[in-house]
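Shown here: coords_37.txt, compact mmCIF, C-alpha atoms.
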# COMPACT_ATOMS: atom_id res chain seq x y z
CA MET A 23 59.59 58.34 72.90
CA ILE A 24 60.55 59.77 76.29
CA SER A 25 64.01 59.56 77.88
CA LEU A 26 64.63 59.88 81.61
CA THR A 27 67.89 60.47 83.42
CA PHE A 28 67.94 60.12 87.21
CA ALA A 29 70.99 61.23 89.21
CA ASP A 30 71.66 60.56 92.89
CA VAL A 31 74.84 62.36 94.03
CA THR A 32 74.05 62.20 97.74
CA GLU A 33 77.15 60.32 98.89
CA SER A 34 79.51 62.35 96.68
CA ALA A 35 77.98 65.64 97.82
CA LYS A 36 78.16 64.60 101.48
CA LEU A 37 81.85 63.73 101.12
CA LEU A 38 82.68 67.04 99.43
CA GLU A 39 80.64 68.98 101.99
CA LYS A 40 82.73 67.33 104.73
CA LYS A 41 86.06 67.87 102.97
CA HIS A 42 85.32 71.54 102.33
CA LEU A 43 83.95 72.07 105.87
CA SER A 44 80.90 73.65 104.28
CA GLY A 45 77.86 74.87 106.15
CA PRO A 46 74.39 73.54 105.32
CA THR A 47 73.54 76.34 102.88
CA ALA A 48 76.70 75.92 100.79
CA GLY A 49 76.29 72.14 101.09
CA ARG A 50 72.84 72.25 99.52
CA PHE A 51 73.97 74.59 96.75
CA LEU A 52 76.93 72.31 95.99
CA GLY A 53 74.57 69.32 96.01
CA GLU A 54 72.29 70.97 93.45
CA ALA A 55 75.23 71.87 91.22
CA LEU A 56 76.62 68.32 91.36
CA VAL A 57 73.21 66.96 90.40
CA ALA A 58 73.14 69.34 87.43
CA ALA A 59 76.60 68.24 86.27
CA ALA A 60 75.71 64.56 86.72
CA LEU A 61 72.54 64.93 84.62
CA LEU A 62 74.51 66.63 81.86
CA SER A 63 77.23 63.97 81.96
CA ALA A 64 74.71 61.35 80.81
CA ASN A 65 75.19 62.74 77.30
CA LEU A 66 78.97 62.25 77.29
CA HIS A 67 80.21 59.45 75.06
CA ASN A 68 84.03 59.25 75.19
CA GLU A 69 86.02 58.30 78.28
CA ASP A 70 88.11 61.50 78.27
CA GLU A 71 85.09 63.86 78.09
CA ARG A 72 83.75 65.93 80.95
CA ILE A 73 81.15 68.62 81.54
CA SER A 74 81.91 71.63 83.73
CA LEU A 75 79.48 74.10 85.27
CA GLN A 76 80.65 77.54 86.34
CA VAL A 77 78.03 79.44 88.31
CA GLN A 78 78.46 83.13 89.10
CA VAL A 79 75.89 84.90 91.26
CA SER A 80 75.44 88.33 92.80
CA GLY A 81 74.57 86.90 96.21
CA PRO A 82 76.91 86.30 99.16
CA ILE A 83 77.78 82.70 98.22
CA GLY A 84 79.57 83.97 95.10
CA GLY A 85 78.93 80.91 92.94
CA CYS A 86 80.47 77.49 92.42
CA LEU A 87 82.46 75.33 90.03
CA VAL A 88 81.65 71.65 89.51
CA ASP A 89 82.33 69.04 86.88
CA ALA A 90 81.49 65.46 86.00
CA SER A 91 83.36 63.03 83.76
CA ARG A 92 82.08 60.29 81.47
CA ASN A 93 83.18 57.66 84.00
CA GLY A 94 81.12 59.22 86.79
CA ASN A 95 83.77 61.15 88.71
CA LEU A 96 82.40 64.27 90.39
CA ARG A 97 84.20 67.21 91.97
CA GLY A 98 83.39 70.79 92.88
CA TYR A 99 83.32 73.60 95.41
CA THR A 100 81.42 76.76 96.29
CA MET A 101 83.20 80.12 96.41
CA ILE A 102 82.03 80.75 99.98
CA LYS A 103 81.56 77.78 102.27
CA ILE A 104 80.28 79.28 105.53
CA LEU A 105 77.42 81.80 105.61
CA ASN A 106 76.81 82.58 109.26
CA ASP A 107 73.70 84.66 108.65
CA PHE A 108 72.03 81.82 106.75
CA ASP A 109 73.43 78.59 108.24
CA VAL A 110 71.22 78.72 111.34
CA SER A 111 68.56 76.80 109.40
CA ASP A 112 68.61 73.69 107.23
CA SER A 113 65.89 75.17 105.03
CA THR A 114 67.13 78.68 104.25
CA PRO A 115 65.93 79.38 100.69
CA LEU A 116 68.95 79.26 98.40
CA GLN A 117 67.64 82.31 96.58
CA LYS A 118 68.66 84.40 99.59
CA VAL A 119 72.34 83.56 99.04
CA LEU A 120 72.25 83.42 95.24
CA GLY A 121 71.04 86.98 94.75
CA ASP A 122 69.10 88.60 91.94
CA ALA A 123 71.48 87.97 89.04
CA GLY A 124 73.69 85.18 87.81
CA ALA A 125 75.34 83.45 84.89
CA LEU A 126 75.61 79.73 84.17
CA THR A 127 78.49 78.63 81.92
CA LEU A 128 78.51 75.07 80.56
CA ILE A 129 81.79 73.74 79.14
CA HIS A 130 82.03 70.42 77.33
CA SER A 131 85.67 69.39 76.99
CA SER A 132 88.09 66.55 76.38
CA ARG A 133 91.68 66.20 77.57
CA SER A 134 92.93 68.12 74.54
CA SER A 135 90.31 70.76 73.79
CA VAL A 136 87.07 72.57 74.59
CA LEU A 137 84.35 70.97 72.45
CA SER A 138 81.60 73.49 73.18
CA GLN A 139 80.79 76.33 75.55
CA HIS A 140 77.52 78.11 76.34
CA GLN A 141 76.62 80.84 78.80
CA ILE A 142 73.09 81.38 80.08
CA GLN A 143 72.05 84.46 82.02
CA CYS A 144 69.76 83.57 84.94
CA ASN A 145 68.19 86.48 86.80
CA PRO A 146 67.72 85.22 89.44
CA MET A 147 69.92 82.12 89.35
CA ASN A 148 68.04 78.84 89.27
CA LEU A 149 69.98 75.74 88.17
CA ARG A 150 66.82 73.87 87.23
CA HIS A 151 65.67 76.66 84.92
CA GLY A 152 69.17 77.17 83.52
CA LEU A 153 69.55 73.50 82.56
CA ALA A 154 66.10 73.40 81.01
CA ARG A 155 66.98 76.42 78.88
CA TYR A 156 70.22 74.75 77.80
CA PHE A 157 68.45 71.62 76.60
CA ASN A 158 65.55 73.45 74.98
CA ASP A 159 67.47 76.32 73.36
CA TYR A 160 70.90 74.90 72.54
CA GLN A 161 70.19 71.18 72.22
CA GLN A 162 66.78 71.74 70.62
CA LYS A 163 65.44 69.00 72.89
CA PRO A 164 62.16 69.63 74.78
CA THR A 165 63.18 68.96 78.37
CA ALA A 166 61.98 69.29 81.95
CA ILE A 167 64.35 69.33 84.94
CA GLU A 168 63.81 68.89 88.66
CA ILE A 169 66.56 69.06 91.31
CA SER A 170 66.26 68.47 95.05
CA ALA A 171 68.91 69.01 97.73
CA THR A 172 67.91 68.87 101.39
CA SER A 173 69.73 69.10 104.72
CA ARG A 174 69.06 67.61 108.14
CA ASP A 175 70.79 68.49 111.40
CA HIS A 176 73.00 70.99 109.50
CA TYR A 177 74.37 68.37 107.11
CA LEU A 178 73.36 67.44 103.58
CA HIS A 179 70.74 64.70 103.62
CA ARG A 180 69.89 64.02 99.97
CA ALA A 181 70.80 65.43 96.53
CA VAL A 182 68.98 64.00 93.51
CA GLY A 183 67.58 65.12 90.18
CA LEU A 184 65.51 64.02 87.20
CA CYS A 185 65.79 65.05 83.56
CA MET A 186 62.96 64.20 81.15
CA SER A 187 63.33 64.83 77.42
CA ARG A 188 61.16 64.21 74.38
CA MET A 189 63.02 62.31 71.70
CA PRO A 190 62.85 63.59 68.08
CA GLU A 191 60.31 60.92 67.12
CA GLY A 192 58.06 61.78 70.07
CA GLN A 193 54.78 63.67 69.91
CA SER A 194 54.11 66.92 71.78
CA GLU A 195 50.65 65.78 72.86
CA ASN A 196 52.25 62.87 74.73
CA PHE A 197 54.94 65.03 76.32
CA ILE A 198 52.85 67.94 77.61
CA PRO A 199 50.86 65.93 80.21
CA LEU A 200 54.14 64.61 81.62
CA LEU A 201 55.53 68.13 81.70
CA GLU A 202 52.64 69.16 83.93
CA ARG A 203 53.87 66.69 86.58
CA PHE A 204 57.01 68.82 86.81
CA ASN A 205 55.15 72.13 86.76
CA ASP A 206 52.69 71.14 89.53
CA LYS A 207 55.57 70.06 91.82
CA THR A 208 54.57 66.38 91.80
CA ILE A 209 58.08 65.35 90.79
CA ALA A 210 59.69 67.82 93.20
CA LYS A 211 57.75 66.32 96.11
CA ALA A 212 58.66 62.80 95.01
CA LEU A 213 62.36 63.62 94.82
CA ASP A 214 62.26 64.78 98.44
CA GLN A 215 61.43 61.17 99.32
CA ALA A 216 63.67 58.11 98.91
CA VAL A 217 62.45 57.25 95.40
CA ASP A 218 64.35 55.76 92.48
CA ILE A 219 64.00 55.88 88.69
CA GLU A 220 61.46 53.01 88.61
CA VAL A 221 59.15 54.79 91.06
CA LEU A 222 59.46 58.06 89.18
CA SER A 223 58.75 56.43 85.82
CA ASN A 224 55.63 54.77 87.22
CA MET A 225 54.44 58.13 88.58
CA LEU A 226 54.77 59.50 85.05
CA GLY A 227 52.89 56.55 83.59
CA LEU A 228 55.96 55.23 81.79
CA GLU A 229 55.63 51.60 82.86
CA ASP A 230 57.49 50.38 79.76
CA LEU A 231 60.70 52.10 80.86
CA VAL A 232 63.86 50.25 79.81
CA ILE A 233 67.10 50.99 81.68
CA LEU A 234 69.77 51.52 79.02
CA GLU A 235 72.71 52.34 81.29
CA ARG A 236 73.68 52.70 84.92
CA ARG A 237 76.77 54.60 86.04
CA VAL A 238 78.33 54.78 89.48
CA LEU A 239 78.85 58.38 90.62
CA ALA A 240 81.71 59.10 93.01
CA ALA A 241 83.53 62.11 94.38
CA LYS A 242 86.95 61.72 92.82
CA CYS A 243 89.43 64.43 91.93
CA THR A 244 92.17 64.40 89.31
CA CYS A 245 94.68 66.30 91.43
CA SER A 246 98.03 64.65 92.23
CA HIS A 247 101.46 65.39 93.60
CA GLU A 248 102.84 65.27 90.06
CA LYS A 249 100.40 67.96 88.89
CA VAL A 250 101.34 70.14 91.85
CA LEU A 251 105.02 69.78 90.97
CA TYR A 252 104.25 70.81 87.40
CA SER A 253 102.44 73.94 88.64
CA VAL A 254 105.36 74.84 90.90
CA SER A 255 107.80 74.28 88.02
CA CYS A 256 106.04 77.07 86.11
CA LEU A 257 107.13 79.64 88.70
CA PRO A 258 110.01 81.96 87.69
CA ALA A 259 113.48 80.87 88.77
CA GLU A 260 113.68 83.89 91.08
CA GLU A 261 110.65 82.73 93.05
CA LEU A 262 111.99 79.20 93.35
CA GLU A 263 115.30 80.59 94.64
CA GLU A 264 113.43 82.72 97.18
CA ILE A 265 111.54 79.66 98.44
CA LEU A 266 114.85 77.82 98.94
CA GLU A 267 116.50 80.78 100.65
CA GLN A 268 113.63 81.11 103.11
CA ASN A 269 113.67 77.34 103.65
CA GLU A 270 109.94 77.19 102.98
CA ILE A 271 108.03 73.99 102.32
CA PRO A 272 105.12 75.04 100.11
CA GLU A 273 101.75 73.42 100.70
CA VAL A 274 99.23 73.46 97.87
CA THR A 275 95.53 72.78 98.51
CA CYS A 276 93.22 71.62 95.72
CA HIS A 277 90.10 73.80 95.39
CA PHE A 278 88.02 70.85 94.18
CA CYS A 279 88.64 68.32 96.95
CA SER A 280 90.63 70.19 99.66
CA SER A 281 93.50 67.67 99.46
CA SER A 282 96.85 69.22 100.43
CA TYR A 283 100.27 68.48 98.94
CA ARG A 284 103.67 69.40 100.38
CA VAL A 285 106.53 70.18 98.04
CA GLU A 286 109.82 69.26 99.70
CA THR A 287 112.98 71.36 99.55
CA ALA A 288 114.80 68.73 97.47
CA GLU A 289 112.00 68.85 94.90
CA ILE A 290 112.19 72.66 94.68
CA ALA A 291 115.95 72.43 94.20
CA ARG A 292 115.53 69.89 91.42
CA LEU A 293 112.92 72.02 89.64
CA LEU A 294 115.19 75.06 89.89
CA ARG A 295 118.16 73.13 88.54
CA GLU A 296 116.13 71.81 85.60
CA LYS A 297 114.77 75.27 84.86
CA LYS A 298 118.27 76.79 84.77
CA GLU A 299 119.56 73.98 82.57
CA GLN A 300 116.70 74.63 80.15
CA GLN A 301 117.43 78.36 80.14
CA ASP A 302 121.11 77.70 79.39
CA LYS A 303 120.15 75.55 76.39
CA GLU A 304 117.92 78.30 75.04

Whole structure, C-alpha cells version:
Amino acid sequence: MISLTFADVTESAKLLEKKHLSGPTAGRFLGEALVAAALLSANLHNEDERISLQVQVSGPIGGCLVDASRNGNLRGYTMIKILNDFDVSDSTPLQKVLGDAGALTLIHSSRSSVLSQHQIQCNPMNLRHGLARYFNDYQQKPTAIEISATSRDHYLHRAVGLCMSRMPEGQSENFIPLLERFNDKTIAKALDQAVDIEVLSNMLGLEDLVILERRVLAAKCTCSHEKVLYSVSCLPAEELEEILEQNEIPEVTCHFCSSSYRVETAEIARLLREKKEQQDKE
C-alpha cells in the first residue's frame, strides 16, 4: 500500500538553464523547483490541468515560478539568474541564496479557473520540506520527499526527485521503516547517482512495484505570437498611437522560456484601428 512517483527533469532543466543564460546556482534551484512541480503533476487528471509553484525567498535569488501540466509540459524561471558571489562553485549550498525566510504557493488550475491554492511558510525555504508539508497537512497523505539537483563544470548535471506516500489502506508500521530511508539520506545519496524507479523501489524493499503510468516530461511553453498580440491589444489607444508615431517595433520576451516575439508596425496599426472601431460602437 505504498505509492512512488519518480521524476527526472534533467533534460528540461538543462534546456531552460541554457535559454535563460542562468548560472549554476540558479540552474540548480530551477532544477529543484521543476522536480517539485513534476512530482505534484502526477496527481493531475484532466488534460487542461496544471500545477504552479511560486517561491518567494528573502535571499538574493528572489525566488522562482514554475509549472507543470497534465501532459508533461514544464516551464519556469528564477527571479535572478546570475549570482556572481555564489556561481564560482558548482556546490554552493542553495540555502545561502534562499535566505532565512520564504513562502511556497501551490496553485492547481484549469484553463478556466483556479481549482485550489495553498501557501506554506518555510523558514528557511526548503522545497523538499514544503512539499512534504503540503501532502501531509493539506492532502492528509503521509508522504516523504527527496529532491536532488547537481551541477558539473558550471552547468546543471542532473535534476531528479522521489515522492513516497502511504495509501489510505496502508499501515503505519510498514511505512515508518521506509521513511527512515529518506531521513538517513539513503535515498538522497541514491538520487545523486544514475538510478531509476526500479532501483529505488528495490532499495526500499518494494520488489512488487507495478508501474501504473509513465509520462514524458519536456520543457515546452504555451507562449505564442497570438498571445503577445492579445497582450499588446490591451494597451490604451494612446500608447498604441505613440508606438506608431515613434516607429517602434516592440519586442516581447517570455519570462518562462526566453522566446522573443516582434510585433510589426502593420500589426500595431491593425490593433489600433480595431480598438477605435470598438470604442465608436460603445

Checklist line | Contact residues around range 83-89 of chain A with all atoms listed in the file at 7 Å, ignoring same-chain residues under 2 positions, as a PyMOL selection string | finding: chain A and resi 55-56+59+72-81+91+96-102+119-120

If we count all atoms listed in the file and set the cut-off at 8 Å, which residues sit around range 175-186 of chain A, ignoring sequence neighbours fewer than 6 positions away in its own chain? Please answer as a compact mmCIF listing (two decimals) with C-alpha atoms, in the frame of the given file.
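Okay, this is what ended up in out-v7.txt:
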# COMPACT_ATOMS: atom_id res chain seq x y z
CA ILE A 24 60.55 59.77 76.29
CA SER A 25 64.01 59.56 77.88
CA LEU A 26 64.63 59.88 81.61
CA THR A 27 67.89 60.47 83.42
CA PHE A 28 67.94 60.12 87.21
CA ALA A 29 70.99 61.23 89.21
CA ASP A 30 71.66 60.56 92.89
CA VAL A 31 74.84 62.36 94.03
CA THR A 32 74.05 62.20 97.74
CA ALA A 35 77.98 65.64 97.82
CA LYS A 36 78.16 64.60 101.48
CA GLU A 39 80.64 68.98 101.99
CA GLY A 45 77.86 74.87 106.15
CA PRO A 46 74.39 73.54 105.32
CA GLY A 49 76.29 72.14 101.09
CA ARG A 50 72.84 72.25 99.52
CA GLY A 53 74.57 69.32 96.01
CA GLU A 54 72.29 70.97 93.45
CA VAL A 57 73.21 66.96 90.40
CA ALA A 58 73.14 69.34 87.43
CA LEU A 61 72.54 64.93 84.62
CA ASP A 109 73.43 78.59 108.24
CA SER A 111 68.56 76.80 109.40
CA ASP A 112 68.61 73.69 107.23
CA THR A 165 63.18 68.96 78.37
CA ALA A 166 61.98 69.29 81.95
CA ILE A 167 64.35 69.33 84.94
CA GLU A 168 63.81 68.89 88.66
CA ILE A 169 66.56 69.06 91.31
CA LEU A 213 62.36 63.62 94.82
CA ASP A 214 62.26 64.78 98.44

Might I get the box with edges along x, y and z of the file that holds all atoms of range 23-38 of chain A listed there, padded by 6 Å on every side, given as centre and edge lengths in Å to one decimal, as JSON?
{"center_x": 71.1, "center_y": 62.7, "center_z": 87.2, "size_x": 35.1, "size_y": 20.7, "size_z": 40.6}

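Atom pair CA of Arg150 in chain A / CA of Leu201 in chain A has a distance of 13.8 Å (rounded to one decimal).
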
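Interatomic distance, CA of Asp302 in chain A to CA of Glu261 in chain A: 17.9 Å.
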
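Every protein, DNA or RNA residue with an atom at most 8 Å from range 295-298 of chain A, where all atoms listed in the file count and chain neighbours fewer than 4 positions away do not, is listed here: A:Ser255, A:Ala259, A:Ala291, A:Asp302.
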
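Rounded to one decimal, CA of Gln161 in chain A and CA of His130 in chain A lie 12.9 Å from each other.
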
Check: Excluding same-chain residues fewer than 4 positions from range 226-236 of chain A, what lies within 8 Å of it counting only C-alpha atoms, as a ChimeraX atom specification?
Finding: /A:200,203,220,222

File dump, residues just selected, C-alpha atoms, as a compact mmCIF listing (two decimals), in the coordinates of the input:
# COMPACT_ATOMS: atom_id res chain seq x y z
CA LEU A 200 54.14 64.61 81.62
CA ARG A 203 53.87 66.69 86.58
CA GLU A 220 61.46 53.01 88.61
CA LEU A 222 59.46 58.06 89.18

Checklist line | Counting only C-alpha atoms, the option among A:Ser223, A:Thr127, A:Asn106, A:Thr172 closest to Cys144 in chain A | finding: A:Thr127

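Distance check against Val110 in chain A using only C-alpha atoms: of A:Thr47, A:Asp122, A:Asn65, A:Asn95, the minimum falls on A:Thr47.
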
Check: From the set A:Gly94, A:Glu195, A:Pro82, A:Lys40, which residue has the shortest atom-to-atom contact distance to Asp107 in chain A, counting only C-alpha atoms?
Finding: A:Pro82
